[in-house]
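Participant: Below is one structure. I have some questions about it.
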Amino acid sequence: MPQVPQTFDALAVRTWCGLALRALGRAREEIDAINVYPVADGDTGTNLYLTVESATAAVEAVFAGHEAVTPEAEAEAGATAAADAVGGTGTPGETAGAGGPGGSDVPLSDAIRAMAHGALIGARGNSGTILAQLLRGMAQVLTADGGTAHADGRGLCLALRNAADSARGAVAHPVEGTVLTVASAAADAACGVEGDCGTVALAAYEGAGTALAATTGQLAVLEHAGVVDAGGRGLLTVLAALVETFTGQAPRPFAAPAGPHGTAEGAVPATAGAPDAPAGTSGAHVAGGCGDGTAEGGGPAFEVIYLLEAEDAAVDRLRERLDGLGDSLVVVGGDGLWNVHVHVDDAGAAVEAGVEAGRPHRIRITHFGLDDAHAGAAAGRPNRERAQRAVVAVVPGEGLAGLYTEAGATTVLARPGEPLASGELVEAVRRAHAREVVLLPNDADLRHTAGAAAEQARAEGVRVALIPTRSAVQGIAALAVHEPERRFDEDVVAMTSAAGATRYAEVTVAERQSWTMAGICQAGDVLGLVDGDVAVIGADVTATAETVLDRMLAAGGEMVTLVLGDEAPETIAAHLESRVRESYLAVDTVVYRGGRQGALLLIGVE
């Protein structure tokens with residue numbers, strides 16, 4: 001039997017995250033299918049899943065830091081994580097509930113803050129952004145006084161109340177009949193009972209279920225489609241996991257109302273998409289959905305999301321500016337880090353506003369109706385036909401993302417220091433909308449993550465080939481020989497061969513003292529890594545890069561690829577091009593700008 005937490009402690013946080021992730025994985029397609037508000041883009045369930053996946057990964061990282069993991073435990077944890085990522089039979093809450101060696105020593109404050117931070121940096125869409133703020137609101141209460149004074153039933157009630165209030169405050173123009181309504185009802189019900197955490201959680205779940213059923217009649221677009229709000233449906237799933245966390249049993253399932261054709265909510269008519277969480281507009285803005293998959297009456301064409309490092313005063317000004325640019329504005333976070341979500345017609349202006357406020361990064365711009373296969377059905381028109389073949393690639397910088405996109409690939413932007421979730425790769429495969437997909441992880445550390453994503457995509461009927469590229473330069477080589485017209489197997493073999501024939505290197509700066517294959521490096525030293533191992537330790541970036549390039553070309557080569565990071569010296573490309581031209585006959589050099597890619601320089605030699 002899994003261990004059932006008696007109070008809201010770190011173990012409860014871990015168990016809740018695991019159970020919620022598994023539950024959202026099961027309910028994702030159902031929730032996606034009822035997305036009609038604020039934009040019928042069919043991604044609410046997916047967005048909530050990815051948000052909770054990021055929160056879960058952050059919590060697991062905290063536990064890993066506190067546990068003395070034995071080789072056996074480490075192997076078991078890796079197997080469990082892989083099984084969870086591909087929808088295996090193991091229940092995350094059960095494995096998490098065991099606590100593991102030293103797991104009971106994790107402070108509640110560490111776990112709950114990690115959960116909130118993970119959700120913040122991984123929040124996707126309107127629904128995920130608001131869920132992140134709900135979790136942050138809970139964390140603010142549960143970490144008061146060191147995270148021990150508010151861990152009982154009363155503390156959970158206060159946490160849910162603060163969560164609902166803070167989420168409502170994060171939305172520029174709250175609309176009833178959405179996840180905000182469901183969250184408020186959950187808090188009201190939780191604070192209307194006395195008892196332990198299980199009692200309070202069950203009351204919150206039941207209050208949320210009652211409110212969710214009523215959302216159909218609160219928004220005309222929901223009533224027309226005969227569905228409940230999808231963001232609220234997702235929150236109910238998360239609350240059900242909270243009940244199971246404290247009682248060991250899942251609550252009775254939500255009784256879905258019948259749709260206009262007598263169907264249950266889980267089998268929504270084809271006219272329905274999936275209501276993301278509350279928008280910054282009135283219900284009339286989206287009534288019925290229209291032919292381009294955006295809001296009715298010429299609603300905004302783009303969804304813009306980014307993380308923002310900025311001071312509170314700057315964020316207040318940003319809210320005012322973005323509110324004038326579009327709708328569905330949600331700004332969540334605090335303590336210098338924010339997640340910004342808005343629907344606009346001028347995506348560039350929304351990003352520029354972020355630049356004026358602070359430092360935006362992880363920028364995502366989605367054109368409604370173009371990137372989602374669900375949008376056509378939600379708007380009453382046939383889905384676009386699947387392409388025969390597509391390439392999905394992970395890239396480390398905006399510059400390379402542009403290069404890969406021009407070559408026809410669907411890209412996933414990697415963030416330095418932030419692990420990529422398998423769900424993000426699965427989402428990219430869905431976005432590619434092809435019968436056959438070639439997946440390029442472009443990072444040795446993403447091997448298992450990419451493998452899990454490939455397995456899930458195969459389970460959804462997509463033929464996926466995973467080419468184990470370890471660097472973006474190997475991906476460039478593979479993409480250069482990609483020919484969609486030839487047989488899939490032949491194309492994969494050619495791309496794999498091109499990637500394997502490309503040696504890769506990078507030049508970066510050491511962050512701390514460390515032992516390496518080339519000796520001991522100090523913080524600030526320039527490191528040259530060849531095929532993943534430190535080969536050169538130097539003091540000058542250009543000199544180190546030249547040494548690395550010479551070592552690589554000593555074994556021969558026909559083409560040198562240089563990918564410059566934003567912080568690379570301005571003269572380094574010209575210097576290295578000159579070096580190749582003068583010292584190596586018949587070797588060509590091509591230079592790309594990678595943007596904020598982590599490394600100062602990436603080098604490929606084919």
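By convention in this document, the chains of the structure tokens carry letters A, B, ... by their order, each chain's residues are numbered from 1, and ligands are numbered from 1 in the order they are shown.
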For Leu440 (chain A), work out the shell of residues within 10 Å, counting only C-alpha atoms and skipping chain neighbours fewer than 4 positions away, then give it as a PyMOL selection string.

Facilitator: chain A and resi 391-395+409+411+446-447+450+465-472+474-476+478-479+495-496+499

Participant: Store the residues picked out above in a file with N, CA, C and O atoms, as a JSON list (two decimals), in the first residue's frame.

Facilitator:
[["chain", "number", "residue", "atom", "x", "y", "z"],
["A", 391, "VAL", "N", 10.36, 16.66, -39.79],
["A", 391, "VAL", "CA", 11.52, 16.57, -38.89],
["A", 391, "VAL", "C", 11.24, 17.44, -37.68],
["A", 391, "VAL", "O", 10.83, 18.60, -37.81],
["A", 392, "VAL", "N", 11.42, 16.87, -36.49],
["A", 392, "VAL", "CA", 11.28, 17.62, -35.24],
["A", 392, "VAL", "C", 12.66, 17.66, -34.58],
["A", 392, "VAL", "O", 13.29, 16.61, -34.39],
["A", 393, "ALA", "N", 13.12, 18.85, -34.25],
["A", 393, "ALA", "CA", 14.48, 19.01, -33.73],
["A", 393, "ALA", "C", 14.51, 19.90, -32.50],
["A", 393, "ALA", "O", 13.81, 20.91, -32.43],
["A", 394, "VAL", "N", 15.33, 19.54, -31.53],
["A", 394, "VAL", "CA", 15.61, 20.38, -30.37],
["A", 394, "VAL", "C", 16.80, 21.27, -30.73],
["A", 394, "VAL", "O", 17.83, 20.78, -31.21],
["A", 395, "VAL", "N", 16.66, 22.57, -30.51],
["A", 395, "VAL", "CA", 17.73, 23.51, -30.86],
["A", 395, "VAL", "C", 18.05, 24.38, -29.65],
["A", 395, "VAL", "O", 17.16, 24.71, -28.86],
["A", 409, "ALA", "N", 12.00, 22.15, -40.62],
["A", 409, "ALA", "CA", 11.84, 21.38, -39.39],
["A", 409, "ALA", "C", 10.90, 22.09, -38.41],
["A", 409, "ALA", "O", 10.77, 23.32, -38.42],
["A", 411, "THR", "N", 10.61, 22.97, -34.58],
["A", 411, "THR", "CA", 11.66, 23.10, -33.57],
["A", 411, "THR", "C", 11.10, 23.18, -32.15],
["A", 411, "THR", "O", 9.98, 23.64, -31.93],
["A", 446, "LEU", "N", 19.50, 14.20, -23.70],
["A", 446, "LEU", "CA", 18.07, 14.08, -24.02],
["A", 446, "LEU", "C", 17.72, 12.71, -24.61],
["A", 446, "LEU", "O", 16.60, 12.51, -25.07],
["A", 447, "ARG", "N", 18.65, 11.80, -24.57],
["A", 447, "ARG", "CA", 18.42, 10.49, -25.20],
["A", 447, "ARG", "C", 17.18, 9.80, -24.62],
["A", 447, "ARG", "O", 16.29, 9.36, -25.36],
["A", 450, "ALA", "N", 13.91, 11.92, -25.26],
["A", 450, "ALA", "CA", 13.46, 11.78, -26.65],
["A", 450, "ALA", "C", 12.91, 10.39, -26.91],
["A", 450, "ALA", "O", 11.93, 10.23, -27.66],
["A", 465, "ALA", "N", 11.17, 7.90, -36.07],
["A", 465, "ALA", "CA", 12.55, 7.43, -36.05],
["A", 465, "ALA", "C", 13.36, 8.42, -35.23],
["A", 465, "ALA", "O", 13.33, 9.63, -35.49],
["A", 466, "LEU", "N", 14.06, 7.92, -34.22],
["A", 466, "LEU", "CA", 14.89, 8.76, -33.36],
["A", 466, "LEU", "C", 16.35, 8.62, -33.79],
["A", 466, "LEU", "O", 16.93, 7.54, -33.69],
["A", 467, "ILE", "N", 16.91, 9.72, -34.30],
["A", 467, "ILE", "CA", 18.32, 9.74, -34.67],
["A", 467, "ILE", "C", 19.09, 10.34, -33.49],
["A", 467, "ILE", "O", 18.83, 11.48, -33.10],
["A", 468, "PRO", "N", 20.02, 9.61, -32.90],
["A", 468, "PRO", "CA", 20.67, 10.06, -31.65],
["A", 468, "PRO", "C", 21.71, 11.16, -31.85],
["A", 468, "PRO", "O", 22.89, 11.00, -31.50],
["A", 469, "THR", "N", 21.30, 12.28, -32.41],
["A", 469, "THR", "CA", 22.22, 13.40, -32.57],
["A", 469, "THR", "C", 22.58, 13.99, -31.22],
["A", 469, "THR", "O", 21.72, 14.15, -30.35],
["A", 470, "ARG", "N", 23.84, 14.31, -31.03],
["A", 470, "ARG", "CA", 24.33, 14.79, -29.73],
["A", 470, "ARG", "C", 24.62, 16.28, -29.72],
["A", 470, "ARG", "O", 24.96, 16.83, -28.69],
["A", 471, "SER", "N", 24.52, 16.91, -30.87],
["A", 471, "SER", "CA", 24.80, 18.34, -30.97],
["A", 471, "SER", "C", 23.98, 18.91, -32.12],
["A", 471, "SER", "O", 23.62, 18.19, -33.06],
["A", 472, "ALA", "N", 23.70, 20.21, -32.03],
["A", 472, "ALA", "CA", 22.93, 20.86, -33.09],
["A", 472, "ALA", "C", 23.66, 20.82, -34.42],
["A", 472, "ALA", "O", 23.02, 20.82, -35.48],
["A", 474, "GLN", "N", 25.37, 18.28, -35.56],
["A", 474, "GLN", "CA", 25.05, 16.98, -36.16],
["A", 474, "GLN", "C", 23.64, 17.02, -36.75],
["A", 474, "GLN", "O", 23.38, 16.43, -37.80],
["A", 475, "GLY", "N", 22.75, 17.73, -36.08],
["A", 475, "GLY", "CA", 21.40, 17.89, -36.61],
["A", 475, "GLY", "C", 21.39, 18.64, -37.92],
["A", 475, "GLY", "O", 20.62, 18.32, -38.83],
["A", 476, "ILE", "N", 22.24, 19.67, -38.03],
["A", 476, "ILE", "CA", 22.34, 20.42, -39.29],
["A", 476, "ILE", "C", 22.79, 19.51, -40.42],
["A", 476, "ILE", "O", 22.25, 19.55, -41.53],
["A", 478, "ALA", "N", 22.40, 16.27, -40.59],
["A", 478, "ALA", "CA", 21.32, 15.34, -40.91],
["A", 478, "ALA", "C", 20.24, 16.02, -41.74],
["A", 478, "ALA", "O", 19.73, 15.45, -42.72],
["A", 479, "LEU", "N", 19.91, 17.24, -41.36],
["A", 479, "LEU", "CA", 18.85, 17.96, -42.07],
["A", 479, "LEU", "C", 19.27, 18.30, -43.50],
["A", 479, "LEU", "O", 18.43, 18.38, -44.40],
["A", 495, "MET", "N", 20.22, 10.30, -43.11],
["A", 495, "MET", "CA", 20.36, 11.32, -42.09],
["A", 495, "MET", "C", 21.23, 10.85, -40.92],
["A", 495, "MET", "O", 22.05, 11.59, -40.38],
["A", 496, "THR", "N", 21.05, 9.59, -40.54],
["A", 496, "THR", "CA", 21.86, 9.02, -39.45],
["A", 496, "THR", "C", 23.33, 8.97, -39.84],
["A", 496, "THR", "O", 24.22, 9.27, -39.04],
["A", 499, "ALA", "N", 24.83, 12.50, -39.75],
["A", 499, "ALA", "CA", 25.05, 12.95, -38.37],
["A", 499, "ALA", "C", 26.25, 12.24, -37.76],
["A", 499, "ALA", "O", 27.09, 12.85, -37.09]]

Participant: Could you give me, as JSON lines, every region 213-246 of chain A residue with an atom at most 12 Å from region 155-171 of chain A, plus its closest atom pair and distance in Å to one decimal, counting only C-alpha atoms, rows ordered by chain then number?

Facilitator:
{"residue": "A:Leu235", "atom": "CA", "partner": "A:Ala164", "partner_atom": "CA", "distance": 11.4}
{"residue": "A:Leu239", "atom": "CA", "partner": "A:Leu160", "partner_atom": "CA", "distance": 10.4}
{"residue": "A:Leu242", "atom": "CA", "partner": "A:Leu156", "partner_atom": "CA", "distance": 10.6}
{"residue": "A:Val243", "atom": "CA", "partner": "A:Leu156", "partner_atom": "CA", "distance": 11.7}
{"residue": "A:Phe246", "atom": "CA", "partner": "A:Leu156", "partner_atom": "CA", "distance": 11.5}

Participant: Taking only C-alpha atoms into account, name the residue in A:Leu142, A:Ile537, A:Ala64, A:Ala151 that is nearest to Cys197 (chain A).

Facilitator: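 Using only C-alpha atoms, the shortest distance to Cys197 (chain A) belongs to A:Ala151.
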
Participant: Skipping near chain neighbours, those fewer than 6 positions away, what residues fall within 6 Å of Ala241 (chain A) using only C-alpha atoms, listed as a list in words?

Facilitator: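 Listing them by chain and then by number gives Trp16, Leu19 and Ala20 of chain A.
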
Participant: Grab the residues selected above and save them as an mmCIF file, in the first residue's frame with N, CA, C and O atoms.

Facilitator:
data_model
loop_
_atom_site.group_PDB
_atom_site.id
_atom_site.type_symbol
_atom_site.label_atom_id
_atom_site.label_comp_id
_atom_site.auth_asym_id
_atom_site.auth_seq_id
_atom_site.Cartn_x
_atom_site.Cartn_y
_atom_site.Cartn_z
ATOM 1 N N TRP A 16 1.125 14.294 -4.609
ATOM 2 C CA TRP A 16 0.103 15.042 -5.355
ATOM 3 C C TRP A 16 0.555 15.318 -6.787
ATOM 4 O O TRP A 16 -0.197 15.106 -7.744
ATOM 5 N N LEU A 19 0.420 12.033 -8.832
ATOM 6 C CA LEU A 19 -0.945 11.609 -9.137
ATOM 7 C C LEU A 19 -1.614 12.553 -10.135
ATOM 8 O O LEU A 19 -2.342 12.122 -11.029
ATOM 9 N N ALA A 20 -1.398 13.851 -9.962
ATOM 10 C CA ALA A 20 -1.995 14.828 -10.876
ATOM 11 C C ALA A 20 -1.453 14.657 -12.284
ATOM 12 O O ALA A 20 -2.206 14.749 -13.272
#

Participant: Would you kindly return, as a PyMOL selection string, each protein, DNA or RNA residue with an atom no farther than 10 Å from any atom of Val541 (chain A), considering only C-alpha atoms and excluding same-chain residues fewer than 5 positions away?

Facilitator: chain A and resi 507-509+525-528+546+568-569+572+600-601

Participant: Go ahead and write the selection's residues with C-alpha atoms as a PDB file, in the first residue's frame.

Facilitator:
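Saved as result_14.pdb:
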ATOM      1  CA  VAL A 507      33.666  26.231 -26.521  1.00  0.00           C
ATOM      2  CA  THR A 508      32.282  27.411 -23.209  1.00  0.00           C
ATOM      3  CA  VAL A 509      33.343  28.920 -19.885  1.00  0.00           C
ATOM      4  CA  ASP A 525      38.567  29.063 -17.616  1.00  0.00           C
ATOM      5  CA  VAL A 526      37.696  28.592 -21.284  1.00  0.00           C
ATOM      6  CA  LEU A 527      36.894  24.954 -22.055  1.00  0.00           C
ATOM      7  CA  GLY A 528      37.025  23.230 -25.416  1.00  0.00           C
ATOM      8  CA  GLU A 546      41.521  27.472 -32.786  1.00  0.00           C
ATOM      9  CA  ALA A 568      31.229  34.985 -28.634  1.00  0.00           C
ATOM     10  CA  PRO A 569      33.964  37.496 -29.577  1.00  0.00           C
ATOM     11  CA  ILE A 572      36.236  34.814 -33.770  1.00  0.00           C
ATOM     12  CA  LEU A 600      30.000  30.512 -26.878  1.00  0.00           C
ATOM     13  CA  LEU A 601      30.676  28.469 -29.995  1.00  0.00           C
TER      14      LEU A 601
END

Participant: Any idea what's packed within 12 Å of Arg154 (chain A), counting only C-alpha atoms, ignoring anything in its chain fewer than 5 positions away? Could you give it as a ChimeraX atom specification?

Facilitator: /A:7-8,141-142,149,159-161,187,190-201

Participant: List as a ChimeraX atom specification the protein and nucleic acid residues near Gly234 (chain A), meaning an atom at most 12 Å away when only C-alpha atoms are counted, but skip any in the same chain fewer than 4 places from it.

Facilitator: /A:20-21,23-35,43-49,51-52,127-128,130-131,178-180,182-183,205,208-209,212,228-230,238-241,254,274-277

Participant: Find the residues around region 330-337 of chain A up to 8 Å (only C-alpha atoms counted), leave out those fewer than 6 positions away in its own chain, and share them as an MDAnalysis selection string.

Facilitator: chainID A and resid 120 126 129:130 132:133 136 167 170:172 280 307:312 319

Participant: CA of His361 (chain A) and CA of Glu320 (chain A) are how many Å apart?

Facilitator: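 Distance reported for this atom pair: 20.1 Å.
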
Participant: Taking only C-alpha atoms into account, name the residue in A:Thr56, A:Thr245, A:Ser328, A:Asn442 that is nearest to His173 (chain A).

Facilitator: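 Going through A:Thr56, A:Thr245, A:Ser328, A:Asn442 one by one, the smallest distance to His173 (chain A) is for A:Ser328.
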
Participant: So, counting only C-alpha atoms, which residue among A:Leu318, A:Met559, A:Ala573, A:Leu325 is closest to Trp338 (chain A)?

Facilitator: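 Among A:Leu318, A:Met559, A:Ala573, A:Leu325, it is A:Leu318 that comes nearest to Trp338 (chain A).
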
Participant: Could you pull out the residues in region 518-595 of chain A that DSSP calls strand (DSSP E or B) from the backbone, as a list in words?

Facilitator: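 Checking each residue of region 518-595 of chain A, the strand (DSSP E or B) ones are Gly519, Ile520, Cys521, Val526, Leu527, Gly528, Leu529, Val530, Asp533, Val534, Ala535, Val536, Ile537, Gly538, Met559, Val560, Thr561, Leu562, Val563, Leu564, Gly565, Asp588, Thr589, Val590, Val591, Tyr592, Arg593, Gly594 and Gly595 of chain A.
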